[in-house]
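Structure first, commentary second.
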There are 2 protein chains.
Amino acid sequence: MKRSFINVLLSLLLFTNTAWAADPLPSWNDTAPKQAIVAFVEQVTREGSPDFVPAAERIATFDNDGTLWAEQPIYFQFLFAIDRVKALAPQHPEWKTEEPFASLLRGDMKSALAGGEHAMLEIVMSTHAGMTTQAFEKTVTDWIATATHPKTRRLLTEMVYQPMLELLAYLRANGFKTFIVSGGGIEFMRPWTQKVYGIPPEQVIGSSIKTAFERRDGQPALVRLPEINFIDDKAGKPVGIHMHIGRRPIASFGNSDGDFEMLEWTTAGAGLRFGLLVHHTDDNREWAYDRDSPIGRLDRGLDEGPRRGWTIVDMRDDWKVIFPFEMR
Amino acid sequence: MKRSFINVLLSLLLFTNTAWAADPLPSWNDTAPKQAIVAFVEQVTREGSPDFVPAAERIATFDNDGTLWAEQPIYFQFLFAIDRVKALAPQHPEWKTEEPFASLLRGDMKSALAGGEHAMLEIVMSTHAGMTTQAFEKTVTDWIATATHPKTRRLLTEMVYQPMLELLAYLRANGFKTFIVSGGGIEFMRPWTQKVYGIPPEQVIGSSIKTAFERRDGQPALVRLPEINFIDDKAGKPVGIHMHIGRRPIASFGNSDGDFEMLEWTTAGAGLRFGLLVHHTDDNREWAYDRDSPIGRLDRGLDEGPRRGWTIVDMRDDWKVIFPFEMR
């Protein structure tokens, strides 16, 4: 009796983090992707398995836009930039006549973006640089607390994928260290990823602008400069992973051709590896887009993914729930 | 009886990582630096203390050369570069006449380094670039396994400071996440920091050259380019910290003026902070150098450190033991 009581106590203390009484992925249908995820995790975590991987090497990397949260009708960071242009406009009277700002302030998004990448870069630089890192962090923190989606009117932080939140938790419960590897701005994500995804700032990798160490009023400060430092997209993703993590992930999760090289790098490593692409197929509960979408284009991944052994998630058929608010 | 047995069991299970039965810093004399370290750790970890810091924010950063391991008579990474020049010389017949290689191969270090920084950069680039990251990692791993110190003949991985190893372990046992922030090459350190310091690759920040994602024989590879990416020294240290960690450390440890900005950035943050400089004062057990040393120069830190509240370690007086091999 005493012995069994202690055994129960030990089990509770020691195993709550590594074993699951209930289904760890309840929002996933019992289709091929869920089966592949569970089989992979069991193989790499079972001691004595030929595919066993020590906990320290269980690195999993996740794209953000379109993989952990939605990205339609436009990347959410661009919504932030637009709001910043509006907020900063009183200090920039010249924007009334200068493009792309003039069109943007008139609400004419199409003309504002007619300048293509150059216009977008101007909007991002004018709103993301010129302040200290502390000031920028506060601006993002304040904005994300209330920013809502233009279509659903939900908070942007509610526009996250419930099945992916469960997957992050499931991997961490099995000793994985989870990282974000996103084309989005590293400092745009860090203020809220811990709260929303359980991922701390030091496990967030993204695109960045340069910063400079300065002294302002005798206090040290890091000032954000209007100069690109690193683009964490496509072939940049393996480079960013290597720079920040210094070892190759054993599992990577993405949704677009911008994630192709990350999955390629991950799955080319020795031993059992896992690559997964989320295919946006649900025009009813979310959005349906792939080969021709200017945002989150998925073309090569759809063609080559399956023969490379990557798992393709069909959002409509493989996910019971998409957003957490559907469950309330 | 049953209850006390379970209590003991619980204590063993839950508290081995956060409390210490014995002195956690046995190689430190009971002088001011040890007292300051212990007081700081107790204040930031005691729940209810006005200076309490949640575990996730207990970030501690350590310089490497001269702080965790020795740096005399020359940075150990430069010993690696010299050995690589010798190993690669057969593939570079032109080095027989080209400086700085010709002098270096003749063993004439003084002439080899007469070209100053440019000569050193040439030596480093010619030996650190042009291969894949995997090949470089293997070269470093093989080299560090046998490389010995020119004076002591000890393995370089034995030329580490026992008191600092204890400090790393003590901080981690109190919920700190320990990072290296070094002017040395990030990929020169990562292959061995876990084994030597208990610091995993993703917690190592250092200087770097650029890498490019390529496909070689159909396999993805990261190729090291002869182009500086980032210099993690002086004002670069806070920049590197922000890029990799994304939050300000609450404690930083260094030994030279190259660490000044890191300590300045760390200790300027809100709440209780800790800065420490190791002063090399022991010409008998190690080396004595500071204001005039070309390597590990410590001048401004000695003048300003004390009035900034930084702790200065006098190696001769504050450390019972310097190297682990003294204890055998």
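Simple scheme: letters A, B, ... for chains in structure tokens order, numbers from 1 for residues in each chain, numbers from 1 for ligands in the order shown.
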List as CSV every residue of segment 158-268 of chain B that is in contact with segment 210-214 of chain A, defined as an atom at most 10 Å from one of its atoms (using only C-alpha atoms), together with the nearest atom pair and the distance in Å rounded to one decimal, sorted by chain and then rising number.
```
residue,atom,partner,partner_atom,distance
B:Lys234,CA,A:Phe213,CA,9.6
B:Ala235,CA,A:Phe213,CA,5.8
B:Gly236,CA,A:Phe213,CA,7.4
B:Lys237,CA,A:Phe213,CA,9.0
B:Pro238,CA,A:Phe213,CA,7.0
B:Val239,CA,A:Thr211,CA,6.6
B:Gly240,CA,A:Thr211,CA,9.5
B:His242,CA,A:Thr211,CA,9.0
B:Met243,CA,A:Thr211,CA,8.8
B:Glu261,CA,A:Phe213,CA,8.5
B:Trp265,CA,A:Phe213,CA,9.1
```
message: From a backbone DSSP assignment, name each residue in segment 218-295 of chain A labelled helix (DSSP H, G or I), as a PyMOL selection string.
response: chain A and resi 236-244+257-267
Exercise. Could you name the residues that touch Ile123 of chain B at 12 Å or less, counting only C-alpha atoms, but leaving out those on the same chain fewer than 2 positions away, as a ChimeraX atom specification?
Worked result: /B:77-86,88-89,95,98-105,109,112-113,115-121,125-129,226
Using C-alpha atoms, can you write the selected residues to a file as a PDB file, in the first residue's frame?
```
ATOM      1  CA  GLN B  77      41.680  30.433 -31.619  1.00  0.00           C
ATOM      2  CA  PHE B  78      44.810  31.883 -33.155  1.00  0.00           C
ATOM      3  CA  LEU B  79      46.699  28.723 -32.207  1.00  0.00           C
ATOM      4  CA  PHE B  80      44.019  26.879 -34.154  1.00  0.00           C
ATOM      5  CA  ALA B  81      44.507  29.167 -37.161  1.00  0.00           C
ATOM      6  CA  ILE B  82      48.290  28.600 -37.096  1.00  0.00           C
ATOM      7  CA  ASP B  83      47.822  24.840 -36.988  1.00  0.00           C
ATOM      8  CA  ARG B  84      45.392  25.091 -39.886  1.00  0.00           C
ATOM      9  CA  VAL B  85      47.878  27.106 -41.973  1.00  0.00           C
ATOM     10  CA  LYS B  86      50.437  24.346 -41.416  1.00  0.00           C
ATOM     11  CA  LEU B  88      46.696  23.391 -45.396  1.00  0.00           C
ATOM     12  CA  ALA B  89      50.160  24.518 -46.621  1.00  0.00           C
ATOM     13  CA  TRP B  95      52.102  30.531 -49.192  1.00  0.00           C
ATOM     14  CA  GLU B  98      53.262  35.149 -49.614  1.00  0.00           C
ATOM     15  CA  GLU B  99      53.027  37.036 -46.323  1.00  0.00           C
ATOM     16  CA  PRO B 100      51.886  36.568 -43.641  1.00  0.00           C
ATOM     17  CA  PHE B 101      51.941  32.841 -44.462  1.00  0.00           C
ATOM     18  CA  ALA B 102      55.630  32.541 -45.371  1.00  0.00           C
ATOM     19  CA  SER B 103      56.799  33.923 -42.015  1.00  0.00           C
ATOM     20  CA  LEU B 104      54.237  31.898 -40.138  1.00  0.00           C
ATOM     21  CA  LEU B 105      55.347  28.661 -41.817  1.00  0.00           C
ATOM     22  CA  MET B 109      55.497  34.748 -35.537  1.00  0.00           C
ATOM     23  CA  ALA B 112      53.929  37.105 -39.550  1.00  0.00           C
ATOM     24  CA  LEU B 113      52.043  39.501 -37.307  1.00  0.00           C
ATOM     25  CA  GLY B 115      51.052  43.265 -40.798  1.00  0.00           C
ATOM     26  CA  GLY B 116      48.820  43.849 -37.779  1.00  0.00           C
ATOM     27  CA  GLU B 117      45.094  43.306 -37.967  1.00  0.00           C
ATOM     28  CA  HIS B 118      45.142  42.827 -41.712  1.00  0.00           C
ATOM     29  CA  ALA B 119      47.623  39.962 -41.418  1.00  0.00           C
ATOM     30  CA  MET B 120      45.599  38.318 -38.660  1.00  0.00           C
ATOM     31  CA  LEU B 121      42.408  38.655 -40.684  1.00  0.00           C
ATOM     32  CA  MET B 125      39.895  33.947 -43.304  1.00  0.00           C
ATOM     33  CA  SER B 126      42.184  31.574 -45.170  1.00  0.00           C
ATOM     34  CA  THR B 127      41.694  28.931 -42.488  1.00  0.00           C
ATOM     35  CA  HIS B 128      38.088  29.506 -41.409  1.00  0.00           C
ATOM     36  CA  ALA B 129      36.293  29.966 -44.757  1.00  0.00           C
ATOM     37  CA  PRO B 226      35.553  34.821 -46.524  1.00  0.00           C
TER      38      PRO B 226
END
```
- request: Could you check which of B:Pro220, B:Gly275, B:Pro73, B:Gly301 is closest to chain A, using only C-alpha atoms?
  value: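 Closest to chain A of all the choices is B:Pro220.
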Write out as a CSV table (one decimal) with N, CA and C atoms, in the first residue's frame which residues come within 10 Å of Ala56 of chain A when counting only C-alpha atoms, dropping same-chain ones fewer than 4 positions away.
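Result file out-v9.csv:
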```csv
chain,number,residue,atom,x,y,z
A,175,GLY,N,10.3,16.8,-24.7
A,175,GLY,CA,11.7,17.2,-24.6
A,175,GLY,C,12.2,18.0,-25.8
A,176,PHE,N,11.4,18.4,-26.7
A,176,PHE,CA,11.8,19.2,-27.8
A,176,PHE,C,12.0,20.7,-27.4
A,177,LYS,N,12.9,21.4,-28.0
A,177,LYS,CA,13.0,22.8,-27.8
A,177,LYS,C,12.4,23.4,-29.1
B,200,PRO,N,25.0,24.9,-24.3
B,200,PRO,CA,24.7,24.3,-25.6
B,200,PRO,C,24.9,25.3,-26.7
```
Just the residues within 7 Å of Gln203 of chain B, please, counting only C-alpha atoms, with nothing from its chain fewer than 4 positions along; format it as a PDB file with N, CA and C atoms, in the first residue's frame.
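The result, written out as part_10.pdb:
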```
ATOM      1  N   PHE B 179      24.785  32.111 -21.024  1.00  0.00           N
ATOM      2  CA  PHE B 179      25.185  32.321 -22.410  1.00  0.00           C
ATOM      3  C   PHE B 179      26.661  32.718 -22.465  1.00  0.00           C
ATOM      4  N   ILE B 180      27.319  32.337 -23.555  1.00  0.00           N
ATOM      5  CA  ILE B 180      28.639  32.882 -23.850  1.00  0.00           C
ATOM      6  C   ILE B 180      28.461  34.027 -24.833  1.00  0.00           C
ATOM      7  N   ILE B 199      27.292  24.598 -21.725  1.00  0.00           N
ATOM      8  CA  ILE B 199      26.527  25.604 -22.476  1.00  0.00           C
ATOM      9  C   ILE B 199      26.274  25.092 -23.898  1.00  0.00           C
TER      10      ILE B 199
END
```
Q: Just the residues within 10 Å of Ala288 of chain A, please, counting only C-alpha atoms, with nothing from its chain fewer than 3 positions along; format it as a list in words.
A: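 Residues meeting the cut-off are Gln72, His279, His280, Thr281, Asp282, Asp283, Asn284, Arg285, Ser293, Met315 and Arg316 of chain A.
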